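A.B. asks: What follows is coords18.txt, compact mmCIF, C-alpha atoms.
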```
# COMPACT_ATOMS: atom_id res chain seq x y z
CA LEU A 1 -7.70 -58.83 18.59
CA ALA A 2 -8.65 -59.88 15.07
CA LEU A 3 -11.04 -57.02 14.37
CA GLY A 4 -9.83 -54.19 16.58
CA TYR A 5 -6.06 -54.56 16.21
CA ALA A 6 -5.45 -56.54 13.01
CA GLY A 7 -8.42 -55.20 11.06
CA ILE A 8 -9.70 -58.68 10.12
CA VAL A 9 -13.42 -58.17 9.55
CA THR A 10 -15.18 -61.52 9.85
CA LEU A 11 -18.70 -62.89 10.06
CA GLY A 12 -17.51 -66.38 10.92
CA GLN A 13 -16.48 -66.37 14.58
CA ALA A 14 -19.53 -68.50 15.36
CA ALA A 15 -17.76 -71.33 13.54
CA TYR A 16 -15.08 -71.39 16.24
CA PHE A 17 -17.44 -70.69 19.14
CA GLY A 18 -19.75 -73.49 18.03
CA PHE A 19 -16.92 -75.86 17.19
CA GLY A 20 -15.43 -75.36 20.66
CA ALA A 21 -18.84 -75.95 22.25
CA TYR A 22 -19.42 -79.17 20.32
CA VAL A 23 -15.89 -80.46 21.02
CA ALA A 24 -16.28 -79.79 24.75
CA GLY A 25 -19.67 -81.50 24.76
CA ILE A 26 -18.53 -84.54 22.78
CA VAL A 27 -15.44 -84.94 24.97
CA SER A 28 -17.55 -84.79 28.14
CA ILE A 29 -19.90 -87.49 26.79
CA HIS A 30 -17.46 -89.90 25.16
CA VAL A 31 -14.04 -89.29 26.77
CA THR A 32 -13.98 -87.56 30.16
CA GLY A 33 -16.17 -85.29 32.25
CA ASP A 34 -13.19 -83.28 33.53
CA PRO A 35 -14.11 -79.65 32.66
CA ILE A 36 -10.49 -78.45 32.49
CA LEU A 37 -9.34 -81.24 30.19
CA GLY A 38 -12.41 -80.85 27.97
CA HIS A 39 -11.82 -77.11 27.86
CA LEU A 40 -8.18 -77.51 26.83
CA VAL A 41 -9.05 -80.04 24.12
CA ALA A 42 -11.69 -77.64 22.76
CA ILE A 43 -9.17 -74.77 22.67
CA ALA A 44 -6.51 -76.91 20.95
CA LEU A 45 -8.84 -78.31 18.27
CA THR A 46 -10.45 -74.93 17.64
CA ALA A 47 -7.00 -73.37 17.21
CA LEU A 48 -6.19 -76.14 14.72
CA LEU A 49 -9.40 -75.35 12.84
CA GLY A 50 -8.34 -71.69 12.87
CA VAL A 51 -4.96 -72.61 11.35
CA ILE A 52 -6.59 -74.63 8.56
CA THR A 53 -9.32 -72.14 7.68
CA GLY A 54 -7.11 -69.09 8.17
CA ALA A 55 -4.44 -70.51 5.87
CA LEU A 56 -7.11 -71.01 3.20
CA ILE A 57 -8.78 -67.61 3.30
CA LEU A 58 -6.34 -65.01 4.66
CA HIS A 59 -4.81 -64.50 1.21
CA ILE A 60 -8.07 -62.79 0.28
CA THR A 61 -9.36 -59.39 1.41
CA GLY A 62 -12.52 -57.31 1.30
CA VAL A 63 -16.04 -58.57 0.74
CA THR A 64 -14.80 -61.90 -0.65
CA PHE A 65 -13.01 -62.64 2.62
CA LEU A 66 -16.12 -61.66 4.56
CA MET A 67 -18.26 -64.05 2.52
CA LEU A 68 -15.74 -66.89 2.92
CA THR A 69 -15.80 -66.55 6.72
CA LEU A 70 -19.58 -66.77 6.56
CA ALA A 71 -19.33 -69.80 4.25
CA ILE A 72 -17.05 -71.63 6.70
CA SER A 73 -19.53 -71.03 9.50
CA SER A 74 -22.37 -72.26 7.27
CA LEU A 75 -20.45 -75.42 6.33
CA ILE A 76 -19.84 -76.30 9.97
CA PHE A 77 -23.49 -75.53 10.75
CA GLU A 78 -24.64 -77.96 8.07
CA PHE A 79 -22.20 -80.62 9.25
CA ALA A 80 -23.48 -80.29 12.81
CA ASN A 81 -27.05 -80.48 11.54
CA LYS A 82 -26.46 -83.61 9.45
CA ALA A 83 -24.19 -85.53 11.87
CA ARG A 84 -27.04 -86.36 14.23
CA THR A 85 -25.33 -89.36 15.83
CA LEU A 86 -22.41 -87.17 16.88
CA THR A 87 -23.96 -83.74 17.49
CA GLY A 88 -27.65 -84.45 18.02
CA GLY A 89 -28.55 -82.45 14.89
CA ASP A 90 -31.38 -79.95 15.36
CA ASP A 91 -32.27 -81.58 18.71
CA GLY A 92 -28.94 -80.43 20.11
CA LEU A 93 -26.16 -82.22 21.96
CA GLN A 94 -27.46 -83.48 25.30
CA GLY A 95 -26.41 -85.79 28.09
CA MET A 96 -23.15 -84.11 29.08
CA LYS A 97 -21.66 -85.21 32.37
CA ILE A 98 -19.37 -82.64 33.98
CA ASP A 99 -17.21 -83.82 36.88
CA PRO A 100 -16.60 -81.59 39.91
CA LEU A 101 -13.86 -79.00 39.34
CA PHE A 102 -10.57 -80.31 40.82
CA GLY A 103 -12.67 -83.22 42.08
CA VAL A 104 -14.16 -81.01 44.80
CA PHE A 105 -16.41 -78.22 43.50
CA GLU A 106 -19.64 -79.28 41.83
CA PHE A 107 -19.79 -77.72 38.37
CA ASN A 108 -23.10 -75.87 38.14
CA LEU A 109 -24.34 -72.30 38.00
CA PHE A 110 -26.33 -72.66 41.20
CA GLY A 111 -23.21 -73.48 43.21
CA HIS A 112 -21.38 -70.60 41.50
CA THR A 113 -18.54 -72.91 40.40
CA ALA A 114 -19.27 -72.42 36.69
CA TYR A 115 -19.45 -68.65 37.18
CA LEU A 116 -16.17 -68.39 39.08
CA TYR A 117 -14.40 -70.78 36.69
CA THR A 118 -15.61 -68.78 33.69
CA LEU A 119 -14.51 -65.55 35.38
CA ALA A 120 -11.03 -67.02 35.97
CA VAL A 121 -10.77 -68.10 32.31
CA LEU A 122 -11.92 -64.66 31.16
CA PHE A 123 -9.25 -63.03 33.33
CA ALA A 124 -6.58 -65.36 31.90
CA TRP A 125 -7.60 -64.48 28.32
CA PHE A 126 -7.61 -60.79 29.28
CA LEU A 127 -4.02 -61.06 30.51
CA ILE A 128 -2.99 -62.89 27.33
CA ALA A 129 -4.70 -60.28 25.13
CA TRP A 130 -3.18 -57.41 27.12
CA ARG A 131 0.29 -58.92 26.78
CA ILE A 132 -0.19 -59.42 23.03
CA VAL A 133 -1.45 -55.88 22.47
CA HIS A 134 1.50 -54.33 24.35
CA SER A 135 4.12 -56.51 22.68
CA PRO A 136 6.04 -55.77 19.44
CA PHE A 137 3.78 -58.35 17.79
CA GLY A 138 0.69 -56.40 18.86
CA ARG A 139 2.14 -53.12 17.66
CA SER A 140 2.93 -54.69 14.30
CA LEU A 141 -0.72 -55.78 14.07
CA ASP A 142 -1.77 -52.17 14.57
CA GLY A 143 0.60 -51.18 11.79
CA ILE A 144 -0.81 -53.90 9.51
CA ARG A 145 -4.33 -52.65 10.16
CA GLN A 146 -3.33 -49.13 9.17
CA SER A 147 -1.16 -49.98 6.14
CA PRO A 148 -0.27 -53.57 5.18
CA ARG A 149 1.73 -52.32 2.19
CA ARG A 150 4.04 -50.22 4.33
CA MET A 151 4.50 -53.04 6.82
CA ARG A 152 5.52 -55.36 3.99
CA ALA A 153 7.94 -52.71 2.75
CA ILE A 154 9.81 -52.71 6.08
CA GLY A 155 10.04 -56.51 6.08
CA THR A 156 7.13 -57.51 8.34
CA PRO A 157 5.72 -60.98 7.52
CA VAL A 158 2.17 -59.64 7.24
CA TRP A 159 0.38 -62.87 6.29
CA TRP A 160 2.00 -64.90 9.07
CA ARG A 161 1.10 -62.29 11.67
CA LEU A 162 -2.48 -62.14 10.46
CA LEU A 163 -2.68 -65.94 10.59
CA ALA A 164 -1.27 -65.97 14.13
CA VAL A 165 -3.80 -63.46 15.47
CA TYR A 166 -6.62 -65.19 13.58
CA VAL A 167 -5.74 -68.49 15.29
CA ILE A 168 -5.56 -66.80 18.70
CA ALA A 169 -9.00 -65.23 18.12
CA ALA A 170 -10.35 -68.63 17.04
CA ALA A 171 -8.95 -70.25 20.20
CA MET A 172 -10.60 -67.56 22.34
CA SER A 173 -13.95 -68.16 20.64
CA GLY A 174 -13.55 -71.92 21.08
CA SER A 175 -12.80 -71.39 24.75
CA ALA A 176 -15.98 -69.33 25.15
CA GLY A 177 -17.97 -72.03 23.37
CA ALA A 178 -16.57 -74.73 25.65
CA LEU A 179 -17.46 -72.70 28.73
CA SER A 180 -20.98 -72.24 27.40
CA ALA A 181 -21.37 -75.98 26.79
CA HIS A 182 -20.06 -76.92 30.23
CA SER A 183 -22.20 -74.33 32.02
CA THR A 184 -25.48 -75.19 30.29
CA ARG A 185 -24.73 -78.88 29.53
CA PHE A 186 -26.38 -78.39 26.16
CA VAL A 187 -25.19 -77.38 22.68
CA GLY A 188 -27.74 -76.37 20.05
CA LEU A 189 -27.29 -75.34 16.42
CA GLU A 190 -27.78 -71.69 17.39
CA VAL A 191 -24.15 -71.63 18.58
CA LEU A 192 -23.21 -71.59 14.87
CA SER A 193 -25.65 -68.88 13.81
CA LEU A 194 -24.86 -65.48 12.30
CA LEU A 195 -26.20 -63.81 15.45
CA THR A 196 -23.63 -65.70 17.50
CA SER A 197 -20.90 -64.44 15.14
CA GLY A 198 -21.98 -60.87 15.84
CA ILE A 199 -21.93 -61.46 19.60
CA VAL A 200 -18.55 -63.22 19.85
CA THR A 201 -16.74 -60.95 17.37
```
What is this file in structure tokens?

C.D. replies:
Amino acid sequence: LALGYAGIVTLGQAAYFGFGAYVAGIVSIHVTGDPILGHLVAIALTALLGVITGALILHITGVTFLMLTLAISSLIFEFANKARTLTGGDDGLQGMKIDPLFGVFEFNLFGHTAYLYTLAVLFAWFLIAWRIVHSPFGRSLDGIRQSPRRMRAIGTPVWWRLLAVYVIAAAMSGSAGALSAHSTRFVGLEVLSLLTSGIVT
């Protein structure tokens, strides 16, 4: 959505993927092992992070914007590395306890619960993305990608629409990170790496 439809070129999606993974892991250790609740908390907090960071950097374009997205990812990486008591630092976040899904289905890859749950979440995000793309909002994003100046001339709130799609993309990345954390029961610093940004973008 951010890259293909709105034309927001970013190197920082790992920030949201990793943040979602760490939130899901921390929630499962310190609050509740419910995978759905942990997943929703990760999505909500990652979307909030997207609002804050997007509001700070979306006024800028070009290479400067690209570097700022990378800087945000690097800042979160360093925080995760230094906050050892919370994130495990370079040893990774371990000791997650994931309750059975709906209290019935054991949450592990071997029992296929994690796979089917992830597939259901992927399908839900696909439906949301499809609806966005085929809505007037999605068509305006396509117009903004092609010519932001013309879209401003016809009265489209370009910055607000870019912020909205940036937050949605951040929430999607956070959701993927949470699913990764729940499935593997481990979160390492590599979830915030530049390679991860390339994969999740």

A.B. asks: Between A:Gly12, A:Ile199, A:Leu179, A:Phe105, which one has atoms that come closest to Ala120 of chain A, using all atoms listed in the file?

C.D. replies: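 With all atoms listed in the file as the atom set, the closest residue is A:Leu179.
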
A.B. asks: With distances taken over all atoms listed in the file, which of A:Leu119, A:Leu192, A:Leu3, A:Ile52 is nearest to Ile76 of chain A?

C.D. replies: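 Smallest distance to Ile76 of chain A is found for A:Leu192.
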
A.B. asks: Which of these, A:Ile168, A:Thr156, A:Ala71, A:Leu56, has the shortest distance to Trp125 of chain A once you count all atoms listed in the file?

C.D. replies: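 Ranking A:Ile168, A:Thr156, A:Ala71, A:Leu56 by distance to Trp125 of chain A, first place goes to A:Ile168.
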
A.B. asks: How close does segment 68-87 of chain A get to segment 183-191 of chain A? List, as a tab-separated table, each residue of segment 68-87 of chain A within 10 Å, its nearest atom pair and the distance in Å to one decimal, counting all atoms listed in the file.

C.D. replies:
```
residue	atom	partner	partner_atom	distance
A:Ile76	CA	A:Leu189	CA	9.9
A:Phe77	CA	A:Leu189	CA	6.8
A:Glu78	CA	A:Leu189	CA	9.1
A:Ala80	CA	A:Leu189	CA	7.2
A:Asn81	CA	A:Leu189	CA	7.1
A:Thr87	CA	A:Val187	CA	8.3
```

A.B. asks: Using only C-alpha atoms, find the one residue out of A:Leu162, A:Gly7, A:Ala171, A:Phe19 that sits nearest to Phe79 of chain A.

C.D. replies: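 Checking each of A:Leu162, A:Gly7, A:Ala171, A:Phe19 against Phe79 of chain A, counting only C-alpha atoms, the winner is A:Phe19.
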
A.B. asks: Could you work out how far atom CA of Ser28 of chain A lies from atom CA of Ile98 of chain A, giving the answer in Å with one decimal?

C.D. replies: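 A separation of 6.5 Å between them.
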
A.B. asks: When you count all atoms listed in the file, which of these residues is closest to Val41 of chain A: A:Gly155, A:Thr64, A:Ala21, A:Leu141?

C.D. replies: A:Ala21

A.B. asks: Counting all atoms listed in the file, what is within 8 Å of Gly38 of chain A, bar same-chain residues fewer than 3 positions away, as a ChimeraX atom specification?

C.D. replies: /A:23-25,27-28,32-35,41-42,178

A.B. asks: Considering all atoms listed in the file, can you say which of A:Ile154, A:Val133, A:Leu122, A:Ala2 comes closest to Leu58 of chain A?

C.D. replies: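 Using all atoms listed in the file, the shortest distance to Leu58 of chain A belongs to A:Ala2.
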
A.B. asks: Using all atoms listed in the file, collect all residues at a distance of at most 12 Å from (-15.7, -81.6, 42.2) as written in the file, then present them as a ChimeraX atom specification.

C.D. replies: /A:33-36,98-108,111,113-114
